[in-house]
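Source file: protein_8.pdb; contents: PDB, C-alpha atoms.
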ATOM      1  CA  MET A   1       0.000   0.000   0.000  1.00  0.00           C
ATOM      2  CA  ALA A   2       1.329   3.457  -0.838  1.00  0.00           C
ATOM      3  CA  GLU A   3       2.166   5.659   2.122  1.00  0.00           C
ATOM      4  CA  THR A   4      -0.497   8.187   1.071  1.00  0.00           C
ATOM      5  CA  ASP A   5      -3.298   5.602   1.097  1.00  0.00           C
ATOM      6  CA  PRO A   6      -5.380   5.433   4.255  1.00  0.00           C
ATOM      7  CA  ALA A   7      -5.118   2.142   6.110  1.00  0.00           C
ATOM      8  CA  PRO A   8      -8.071  -0.098   5.287  1.00  0.00           C
ATOM      9  CA  PRO A   9     -10.234  -1.203   8.201  1.00  0.00           C
ATOM     10  CA  ALA A  10      -9.597  -4.539   9.889  1.00  0.00           C
ATOM     11  CA  THR A  11     -13.276  -5.481   9.696  1.00  0.00           C
ATOM     12  CA  GLY A  12     -16.419  -3.994   8.289  1.00  0.00           C
ATOM     13  CA  ARG A  13     -19.092  -3.955   5.631  1.00  0.00           C
ATOM     14  CA  PHE A  14     -18.103  -2.860   2.148  1.00  0.00           C
ATOM     15  CA  ASP A  15     -20.167  -1.441  -0.710  1.00  0.00           C
ATOM     16  CA  ILE A  16     -18.473  -3.039  -3.719  1.00  0.00           C
ATOM     17  CA  ILE A  17     -20.536  -1.090  -6.275  1.00  0.00           C
ATOM     18  CA  ALA A  18     -19.734   2.247  -4.594  1.00  0.00           C
ATOM     19  CA  GLU A  19     -16.034   1.321  -4.540  1.00  0.00           C
ATOM     20  CA  ALA A  20     -16.197   0.389  -8.230  1.00  0.00           C
ATOM     21  CA  LEU A  21     -17.920   3.664  -9.145  1.00  0.00           C
ATOM     22  CA  ALA A  22     -15.218   5.621  -7.278  1.00  0.00           C
ATOM     23  CA  LEU A  23     -12.453   4.250  -9.534  1.00  0.00           C
ATOM     24  CA  PRO A  24     -11.281   6.671 -12.246  1.00  0.00           C
ATOM     25  CA  ALA A  25     -12.681   6.476 -15.786  1.00  0.00           C
ATOM     26  CA  THR A  26      -9.176   6.336 -17.300  1.00  0.00           C
ATOM     27  CA  ALA A  27      -5.671   5.435 -16.140  1.00  0.00           C
ATOM     28  CA  ASP A  28      -2.120   5.411 -17.447  1.00  0.00           C
ATOM     29  CA  THR A  29      -1.551   1.973 -15.884  1.00  0.00           C
ATOM     30  CA  LEU A  30      -3.279  -1.329 -16.690  1.00  0.00           C
ATOM     31  CA  LEU A  31      -5.323  -1.125 -13.498  1.00  0.00           C
ATOM     32  CA  VAL A  32      -6.258   1.011 -10.520  1.00  0.00           C
ATOM     33  CA  ASP A  33      -7.224  -0.594  -7.221  1.00  0.00           C
ATOM     34  CA  THR A  34      -8.433   0.221  -3.757  1.00  0.00           C
ATOM     35  CA  TYR A  35      -7.918  -1.985  -0.726  1.00  0.00           C
ATOM     36  CA  LEU A  36     -10.903  -3.046   1.352  1.00  0.00           C
ATOM     37  CA  THR A  37      -8.771  -5.108   3.751  1.00  0.00           C
ATOM     38  CA  ASP A  38      -5.033  -5.666   3.877  1.00  0.00           C
ATOM     39  CA  ARG A  39      -4.005  -8.413   6.284  1.00  0.00           C
ATOM     40  CA  GLU A  40      -1.118 -10.862   6.147  1.00  0.00           C
ATOM     41  CA  ALA A  41      -3.478 -13.831   5.711  1.00  0.00           C
ATOM     42  CA  ALA A  42      -5.435 -12.224   2.857  1.00  0.00           C
ATOM     43  CA  SER A  43      -6.174  -8.936   1.166  1.00  0.00           C
ATOM     44  CA  ALA A  44      -9.372  -7.786  -0.510  1.00  0.00           C
ATOM     45  CA  ARG A  45      -9.380  -5.159  -3.240  1.00  0.00           C
ATOM     46  CA  VAL A  46     -11.680  -3.695  -5.855  1.00  0.00           C
ATOM     47  CA  PHE A  47      -9.914  -2.916  -9.106  1.00  0.00           C
ATOM     48  CA  ARG A  48     -10.668  -1.754 -12.611  1.00  0.00           C
ATOM     49  CA  VAL A  49      -8.774  -3.031 -15.664  1.00  0.00           C
ATOM     50  CA  TYR A  50      -8.281  -0.421 -18.399  1.00  0.00           C
ATOM     51  CA  ARG A  51      -6.383  -2.362 -21.056  1.00  0.00           C
ATOM     52  CA  PRO A  52      -5.797  -6.010 -21.985  1.00  0.00           C
ATOM     53  CA  THR A  53      -3.388  -7.610 -19.542  1.00  0.00           C
ATOM     54  CA  PRO A  54      -0.394  -9.547 -20.939  1.00  0.00           C
ATOM     55  CA  PRO A  55       0.627 -12.982 -19.645  1.00  0.00           C
ATOM     56  CA  HIS A  56       1.888 -12.751 -16.067  1.00  0.00           C
ATOM     57  CA  PHE A  57       1.870 -14.547 -12.744  1.00  0.00           C
ATOM     58  CA  HIS A  58       2.126 -13.859  -9.024  1.00  0.00           C
ATOM     59  CA  ARG A  59       4.771 -15.587  -6.895  1.00  0.00           C
ATOM     60  CA  GLY A  60       3.321 -15.155  -3.435  1.00  0.00           C
ATOM     61  CA  SER A  61      -0.431 -15.663  -3.491  1.00  0.00           C
ATOM     62  CA  ASP A  62      -3.473 -17.254  -5.029  1.00  0.00           C
ATOM     63  CA  GLU A  63      -5.860 -14.804  -6.702  1.00  0.00           C
ATOM     64  CA  TYR A  64      -9.651 -15.048  -6.657  1.00  0.00           C
ATOM     65  CA  LEU A  65     -11.345 -12.563  -8.993  1.00  0.00           C
ATOM     66  CA  TYR A  66     -15.103 -12.035  -8.784  1.00  0.00           C
ATOM     67  CA  VAL A  67     -16.380 -10.184 -11.859  1.00  0.00           C
ATOM     68  CA  VAL A  68     -18.398  -7.170 -10.676  1.00  0.00           C
ATOM     69  CA  SER A  69     -18.942  -5.594 -14.103  1.00  0.00           C
ATOM     70  CA  GLY A  70     -17.714  -5.801 -17.664  1.00  0.00           C
ATOM     71  CA  ARG A  71     -16.817  -8.741 -19.844  1.00  0.00           C
ATOM     72  CA  GLY A  72     -13.624 -10.043 -21.366  1.00  0.00           C
ATOM     73  CA  THR A  73     -11.544 -13.102 -22.082  1.00  0.00           C
ATOM     74  CA  PHE A  74      -8.913 -14.802 -19.961  1.00  0.00           C
ATOM     75  CA  TRP A  75      -6.662 -17.833 -20.137  1.00  0.00           C
ATOM     76  CA  LEU A  76      -4.779 -19.962 -17.622  1.00  0.00           C
ATOM     77  CA  GLY A  77      -1.476 -21.634 -18.367  1.00  0.00           C
ATOM     78  CA  ASP A  78      -1.998 -21.810 -22.130  1.00  0.00           C
ATOM     79  CA  PRO A  79      -3.491 -19.284 -24.579  1.00  0.00           C
ATOM     80  CA  ALA A  80      -5.450 -22.189 -26.120  1.00  0.00           C
ATOM     81  CA  THR A  81      -7.668 -22.202 -22.984  1.00  0.00           C
ATOM     82  CA  GLU A  82      -8.989 -18.680 -23.686  1.00  0.00           C
ATOM     83  CA  ALA A  83     -12.590 -18.285 -22.572  1.00  0.00           C
ATOM     84  CA  GLU A  84     -15.068 -15.474 -22.003  1.00  0.00           C
ATOM     85  CA  PHE A  85     -16.092 -14.220 -18.549  1.00  0.00           C
ATOM     86  CA  GLY A  86     -18.739 -11.836 -17.290  1.00  0.00           C
ATOM     87  CA  PRO A  87     -20.499 -10.453 -14.209  1.00  0.00           C
ATOM     88  CA  GLY A  88     -21.182 -12.900 -11.421  1.00  0.00           C
ATOM     89  CA  GLN A  89     -18.382 -15.289 -12.376  1.00  0.00           C
ATOM     90  CA  LEU A  90     -15.351 -16.140 -10.247  1.00  0.00           C
ATOM     91  CA  LEU A  91     -11.910 -16.606 -11.815  1.00  0.00           C
ATOM     92  CA  PHE A  92      -9.211 -18.398  -9.804  1.00  0.00           C
ATOM     93  CA  PHE A  93      -5.479 -18.235 -10.481  1.00  0.00           C
ATOM     94  CA  GLU A  94      -3.226 -20.369  -8.284  1.00  0.00           C
ATOM     95  CA  ARG A  95       0.093 -18.714  -7.402  1.00  0.00           C
ATOM     96  CA  GLY A  96       2.679 -19.262 -10.113  1.00  0.00           C
ATOM     97  CA  THR A  97       0.025 -19.910 -12.799  1.00  0.00           C
ATOM     98  CA  VAL A  98       0.576 -17.792 -15.896  1.00  0.00           C
ATOM     99  CA  HIS A  99      -2.635 -16.027 -16.871  1.00  0.00           C
ATOM    100  CA  ALA A 100      -3.776 -13.165 -19.079  1.00  0.00           C
ATOM    101  CA  LEU A 101      -6.814 -11.032 -19.880  1.00  0.00           C
ATOM    102  CA  PRO A 102      -6.245 -10.552 -23.618  1.00  0.00           C
ATOM    103  CA  THR A 103      -9.574  -8.939 -24.533  1.00  0.00           C
ATOM    104  CA  ILE A 104     -11.916  -6.451 -22.886  1.00  0.00           C
ATOM    105  CA  LEU A 105     -15.373  -6.891 -24.425  1.00  0.00           C
ATOM    106  CA  ALA A 106     -17.444  -4.548 -22.210  1.00  0.00           C
ATOM    107  CA  GLU A 107     -16.462  -1.816 -19.774  1.00  0.00           C
ATOM    108  CA  PRO A 108     -16.040  -0.885 -17.042  1.00  0.00           C
ATOM    109  CA  LEU A 109     -14.183  -4.120 -16.249  1.00  0.00           C
ATOM    110  CA  VAL A 110     -14.192  -4.299 -12.446  1.00  0.00           C
ATOM    111  CA  PHE A 111     -13.196  -7.150 -10.147  1.00  0.00           C
ATOM    112  CA  LEU A 112     -13.415  -7.893  -6.457  1.00  0.00           C
ATOM    113  CA  SER A 113     -10.075  -9.562  -5.717  1.00  0.00           C
ATOM    114  CA  ILE A 114      -9.238 -11.779  -2.757  1.00  0.00           C
ATOM    115  CA  ASP A 115      -5.540 -12.680  -2.542  1.00  0.00           C
ATOM    116  CA  THR A 116      -4.396 -15.430  -0.165  1.00  0.00           C
ATOM    117  CA  PRO A 117      -2.068 -14.826   1.492  1.00  0.00           C
ATOM    118  CA  ARG A 118      -1.880 -11.052   1.002  1.00  0.00           C
ATOM    119  CA  ARG A 119      -0.349 -10.139  -2.346  1.00  0.00           C
ATOM    120  CA  ALA A 120       2.205  -7.376  -2.286  1.00  0.00           C
ATOM    121  CA  PRO A 121       1.318  -4.733  -4.917  1.00  0.00           C
ATOM    122  CA  THR A 122       4.670  -5.363  -6.623  1.00  0.00           C
ATOM    123  CA  ASP A 123       4.137  -9.149  -6.898  1.00  0.00           C
ATOM    124  CA  ILE A 124       3.607  -9.357 -10.628  1.00  0.00           C
ATOM    125  CA  VAL A 125       5.969 -11.042 -13.061  1.00  0.00           C
ATOM    126  CA  PHE A 126       5.336 -10.532 -16.774  1.00  0.00           C
ATOM    127  CA  VAL A 127       6.329 -13.472 -18.981  1.00  0.00           C
ATOM    128  CA  ASP A 128       7.796 -10.933 -21.403  1.00  0.00           C
ATOM    129  CA  PRO A 129       9.331  -8.137 -19.275  1.00  0.00           C
ATOM    130  CA  ALA A 130       8.995  -5.760 -22.247  1.00  0.00           C
ATOM    131  CA  GLN A 131       5.189  -5.990 -21.831  1.00  0.00           C
ATOM    132  CA  GLY A 132       5.054  -4.578 -18.323  1.00  0.00           C
ATOM    133  CA  SER A 133       6.391  -4.055 -14.842  1.00  0.00           C
ATOM    134  CA  PRO A 134       4.894  -3.441 -11.409  1.00  0.00           C
ATOM    135  CA  GLU A 135       5.098   0.291 -12.216  1.00  0.00           C
ATOM    136  CA  THR A 136       3.076   0.019 -15.450  1.00  0.00           C
ATOM    137  CA  PHE A 137       0.681  -2.594 -14.067  1.00  0.00           C
ATOM    138  CA  MET A 138      -0.812  -0.855 -11.049  1.00  0.00           C
ATOM    139  CA  ALA A 139      -1.329   2.864 -10.384  1.00  0.00           C
ATOM    140  CA  ARG A 140      -0.146   2.554  -6.764  1.00  0.00           C
ATOM    141  CA  ASN A 141       3.282   1.418  -8.088  1.00  0.00           C
ATOM    142  CA  ALA A 142       3.611   4.203 -10.689  1.00  0.00           C
ATOM    143  CA  PRO A 143       6.521   6.649 -10.363  1.00  0.00           C
ATOM    144  CA  GLY A 144       5.617   9.801  -8.475  1.00  0.00           C
ATOM    145  CA  ARG A 145       2.761   8.115  -6.643  1.00  0.00           C
TER     146      ARG A 145
END

Take the structure in this file and express it as structure tokens.
Amino acid sequence: MAETDPAPPATGRFDIIAEALALPATADTLLVDTYLTDREAASARVFRVYRPTPPHFHRGSDEYLYVVSGRGTFWLGDPATEAEFGPGQLLFFERGTVHALPTILAEPLVFLSIDTPRRAPTDIVFVDPAQGSPETFMARNAPGR
């Protein structure tokens, strides 16, 4: 979490739609997120994806993505597994599993993300480093933030 971000509450009730609506309409990075909870055992975030996301993986946590709004395509492990997703569906990526969101079909594309254990904001490894970095992936990692 960036030093300028307020600490998320330890417990509470969260309005996912209100959090989604508060995300900016555009971004220079692939996504912008906001933490709902941020504990060592797990973190919960709402994030919006602004552009297709190249193949990448996370070293330290499993990622559960509940589709709040929007539609797109994703694949796990192999581009040949590409499939469509939409609101109300849950995508699961086990740590170390290469995955991608190659196509955004309807916007805004917003997810509720549960990462177990907590995923550090910089824990993203692009298969092709020329396609991204933690700084280009997430607004909270961007220079000058």

**Message:** My list of candidates is A:Gly86, A:Gly12, A:Pro24, A:Gly60. Which is closest to Arg118 in chain A when distances are computed with only C-alpha atoms?
**Reply:** A:Gly60

**Prompt:** Taking into account all atoms listed in the file, which residue in the set A:Asp123, A:Glu107, A:Glu82, A:Asp115 is nearest to Arg51 in chain A?
**Reply:**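 Between A:Asp123, A:Glu107, A:Glu82, A:Asp115, the residue approaching Arg51 in chain A most closely is A:Glu107.
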
**Request:** Would you write out, as a VMD selection string, every residue that the PyMOL selection byres ((chain A and resi 103) around 7) captures in this file?
**Result:** chain A and resid 52 72 to 73 101 to 102 104 to 105

**Asked** So what do you get for CA of Leu23 in chain A versus CA of Thr53 in chain A, distance-wise?
**Response**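 Computing the Euclidean distance for CA of Leu23 in chain A and CA of Thr53 in chain A yields 18.0 Å.
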
**Message:** Residues near Ala120 in chain A, anyone? I mean within 10 Å using all atoms listed in the file, not counting same-chain ones fewer than 6 positions away, as a list in words.
**Reply:**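 Result of the neighbour search: Met1, Asp38, Glu40, Ser43, His58, Arg59, Gly60 and Ser61 of chain A.
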
Emit the selected residues as a PDB file, keeping the file's coordinate frame, including C-alpha atoms.
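Output file part06.pdb follows:
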ATOM      1  CA  MET A   1       0.000   0.000   0.000  1.00  0.00           C
ATOM      2  CA  ASP A  38      -5.033  -5.666   3.877  1.00  0.00           C
ATOM      3  CA  GLU A  40      -1.118 -10.862   6.147  1.00  0.00           C
ATOM      4  CA  SER A  43      -6.174  -8.936   1.166  1.00  0.00           C
ATOM      5  CA  HIS A  58       2.126 -13.859  -9.024  1.00  0.00           C
ATOM      6  CA  ARG A  59       4.771 -15.587  -6.895  1.00  0.00           C
ATOM      7  CA  GLY A  60       3.321 -15.155  -3.435  1.00  0.00           C
ATOM      8  CA  SER A  61      -0.431 -15.663  -3.491  1.00  0.00           C
TER       9      SER A  61
END

**Request:** Would you mind listing what lies within 9 Å of Trp75 in chain A as a PyMOL selection string, with only C-alpha atoms counted and same-chain residues fewer than 6 positions away left out?
**Result:** chain A and resi 55+81-84+98-102

**Message:** Counting all atoms listed in the file, which residue out of A:Leu31, A:Gly77, A:Leu36, A:Val67 sits closest to Asn141 in chain A?
**Reply:**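 Counting all atoms listed in the file, the residue closest to Asn141 in chain A is A:Leu31.
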
**Item:** Distance in Å - CA of Phe47 in chain A versus CA of Phe93 in chain A
**Value:**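 For CA of Phe47 in chain A relative to CA of Phe93 in chain A, the distance reads 16.0 Å.
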
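Closest approach to Glu19 in chain A from the set A:Ile114, A:Ala142, A:Ala106, A:Val46 is made by A:Val46, with distances taken over only C-alpha atoms.
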
**Asked** How many Å separate CA of His56 in chain A from CA of Pro143 in chain A?
**Response**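 A separation of 20.7 Å between them.
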
Show me, as lines of an AutoDock Vina configuration file, the centre and edge lengths in Å to one decimal of the axis-aligned box that covers every listed atom of range 125-134 of chain A with 3 Å on each side.
center_x = 7.1
center_y = -8.5
center_z = -16.8
size_x = 10.4
size_y = 16.0
size_z = 16.8

**Prompt:** For Phe85 in chain A, which of A:Thr97, A:Glu63, A:Pro117, A:Leu109 is the closest residue, counting only C-alpha atoms?
**Reply:**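 Between A:Thr97, A:Glu63, A:Pro117, A:Leu109, the residue approaching Phe85 in chain A most closely is A:Leu109.
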
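You can rank A:Val125, A:Ala80, A:Ala139, A:Leu112 by their closest distance to Asp28 in chain A using all atoms listed in the file, and at the top of that list sits A:Ala139.
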
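The list of residues within 10 Å of (5.0, -4.5, -16.2), counted using all atoms listed in the file, is A:Thr29, A:Leu30, A:Thr53, A:Pro54, A:His56, A:Thr122, A:Ile124, A:Val125, A:Phe126, A:Val127, A:Asp128, A:Pro129, A:Ala130, A:Gln131, A:Gly132, A:Ser133, A:Pro134, A:Glu135, A:Thr136, A:Phe137, A:Met138.
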
**Request:** Name every residue that the PyMOL selection byres ((chain A and resi 34) around 6) selects in this structure, writing the answer as a PyMOL selection string with chains first and numbers rising.
**Result:** chain A and resi 33+35+45-46

**Asked** Counting only C-alpha atoms, what is within 6 Å of Tyr64 in chain A, bar same-chain residues fewer than 6 positions away, as a list in words?
**Response**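 Returned residues: Leu91, Phe92, Ser113 and Ile114 of chain A.
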
N, CA and C atoms restored at range 98-119 of chain A, emitted as a PDB file, keeping the file's coordinate frame:
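Result file selection.pdb:
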ATOM      1  N   VAL A  98       0.584 -18.866 -14.915  1.00  0.00           N
ATOM      2  CA  VAL A  98       0.576 -17.792 -15.896  1.00  0.00           C
ATOM      3  C   VAL A  98      -0.860 -17.609 -16.375  1.00  0.00           C
ATOM      4  N   HIS A  99      -1.292 -16.356 -16.404  1.00  0.00           N
ATOM      5  CA  HIS A  99      -2.635 -16.027 -16.871  1.00  0.00           C
ATOM      6  C   HIS A  99      -2.620 -14.678 -17.573  1.00  0.00           C
ATOM      7  N   ALA A 100      -3.673 -14.414 -18.333  1.00  0.00           N
ATOM      8  CA  ALA A 100      -3.776 -13.165 -19.079  1.00  0.00           C
ATOM      9  C   ALA A 100      -5.247 -12.815 -19.286  1.00  0.00           C
ATOM     10  N   LEU A 101      -5.500 -11.538 -19.492  1.00  0.00           N
ATOM     11  CA  LEU A 101      -6.814 -11.032 -19.880  1.00  0.00           C
ATOM     12  C   LEU A 101      -6.624 -10.333 -21.227  1.00  0.00           C
ATOM     13  N   PRO A 102      -6.616 -11.116 -22.325  1.00  0.00           N
ATOM     14  CA  PRO A 102      -6.245 -10.552 -23.618  1.00  0.00           C
ATOM     15  C   PRO A 102      -7.269  -9.623 -24.254  1.00  0.00           C
ATOM     16  N   THR A 103      -8.547  -9.731 -23.865  1.00  0.00           N
ATOM     17  CA  THR A 103      -9.574  -8.939 -24.533  1.00  0.00           C
ATOM     18  C   THR A 103     -10.564  -8.376 -23.526  1.00  0.00           C
ATOM     19  N   ILE A 104     -10.841  -7.084 -23.656  1.00  0.00           N
ATOM     20  CA  ILE A 104     -11.916  -6.451 -22.886  1.00  0.00           C
ATOM     21  C   ILE A 104     -13.084  -6.275 -23.857  1.00  0.00           C
ATOM     22  N   LEU A 105     -14.206  -6.915 -23.544  1.00  0.00           N
ATOM     23  CA  LEU A 105     -15.373  -6.891 -24.425  1.00  0.00           C
ATOM     24  C   LEU A 105     -16.413  -5.859 -24.011  1.00  0.00           C
ATOM     25  N   ALA A 106     -16.499  -5.544 -22.717  1.00  0.00           N
ATOM     26  CA  ALA A 106     -17.444  -4.548 -22.210  1.00  0.00           C
ATOM     27  C   ALA A 106     -16.840  -3.892 -20.982  1.00  0.00           C
ATOM     28  N   GLU A 107     -17.020  -2.579 -20.880  1.00  0.00           N
ATOM     29  CA  GLU A 107     -16.462  -1.816 -19.774  1.00  0.00           C
ATOM     30  C   GLU A 107     -17.580  -1.174 -18.965  1.00  0.00           C
ATOM     31  N   PRO A 108     -17.311  -0.760 -17.737  1.00  0.00           N
ATOM     32  CA  PRO A 108     -16.040  -0.885 -17.042  1.00  0.00           C
ATOM     33  C   PRO A 108     -15.806  -2.323 -16.570  1.00  0.00           C
ATOM     34  N   LEU A 109     -14.567  -2.778 -16.681  1.00  0.00           N
ATOM     35  CA  LEU A 109     -14.183  -4.120 -16.249  1.00  0.00           C
ATOM     36  C   LEU A 109     -13.661  -4.009 -14.818  1.00  0.00           C
ATOM     37  N   VAL A 110     -14.498  -4.450 -13.869  1.00  0.00           N
ATOM     38  CA  VAL A 110     -14.192  -4.299 -12.446  1.00  0.00           C
ATOM     39  C   VAL A 110     -14.261  -5.660 -11.763  1.00  0.00           C
ATOM     40  N   PHE A 111     -13.287  -5.908 -10.909  1.00  0.00           N
ATOM     41  CA  PHE A 111     -13.196  -7.150 -10.147  1.00  0.00           C
ATOM     42  C   PHE A 111     -13.153  -6.860  -8.649  1.00  0.00           C
ATOM     43  N   LEU A 112     -13.693  -7.784  -7.881  1.00  0.00           N
ATOM     44  CA  LEU A 112     -13.415  -7.893  -6.457  1.00  0.00           C
ATOM     45  C   LEU A 112     -12.347  -8.964  -6.362  1.00  0.00           C
ATOM     46  N   SER A 113     -11.199  -8.633  -5.790  1.00  0.00           N
ATOM     47  CA  SER A 113     -10.075  -9.562  -5.717  1.00  0.00           C
ATOM     48  C   SER A 113      -9.806  -9.951  -4.277  1.00  0.00           C
ATOM     49  N   ILE A 114      -9.683 -11.257  -4.053  1.00  0.00           N
ATOM     50  CA  ILE A 114      -9.238 -11.779  -2.757  1.00  0.00           C
ATOM     51  C   ILE A 114      -7.928 -12.512  -3.032  1.00  0.00           C
ATOM     52  N   ASP A 115      -6.864 -12.081  -2.371  1.00  0.00           N
ATOM     53  CA  ASP A 115      -5.540 -12.680  -2.542  1.00  0.00           C
ATOM     54  C   ASP A 115      -5.151 -13.377  -1.243  1.00  0.00           C
ATOM     55  N   THR A 116      -4.776 -14.669  -1.357  1.00  0.00           N
ATOM     56  CA  THR A 116      -4.396 -15.430  -0.165  1.00  0.00           C
ATOM     57  C   THR A 116      -3.048 -16.107  -0.368  1.00  0.00           C
ATOM     58  N   PRO A 117      -2.063 -15.898   0.514  1.00  0.00           N
ATOM     59  CA  PRO A 117      -2.068 -14.826   1.492  1.00  0.00           C
ATOM     60  C   PRO A 117      -2.013 -13.471   0.789  1.00  0.00           C
ATOM     61  N   ARG A 118      -1.934 -12.412   1.554  1.00  0.00           N
ATOM     62  CA  ARG A 118      -1.880 -11.052   1.002  1.00  0.00           C
ATOM     63  C   ARG A 118      -0.877 -10.998  -0.148  1.00  0.00           C
ATOM     64  N   ARG A 119      -1.269 -10.318  -1.220  1.00  0.00           N
ATOM     65  CA  ARG A 119      -0.349 -10.139  -2.346  1.00  0.00           C
ATOM     66  C   ARG A 119       0.228  -8.742  -2.288  1.00  0.00           C
TER      67      ARG A 119
END
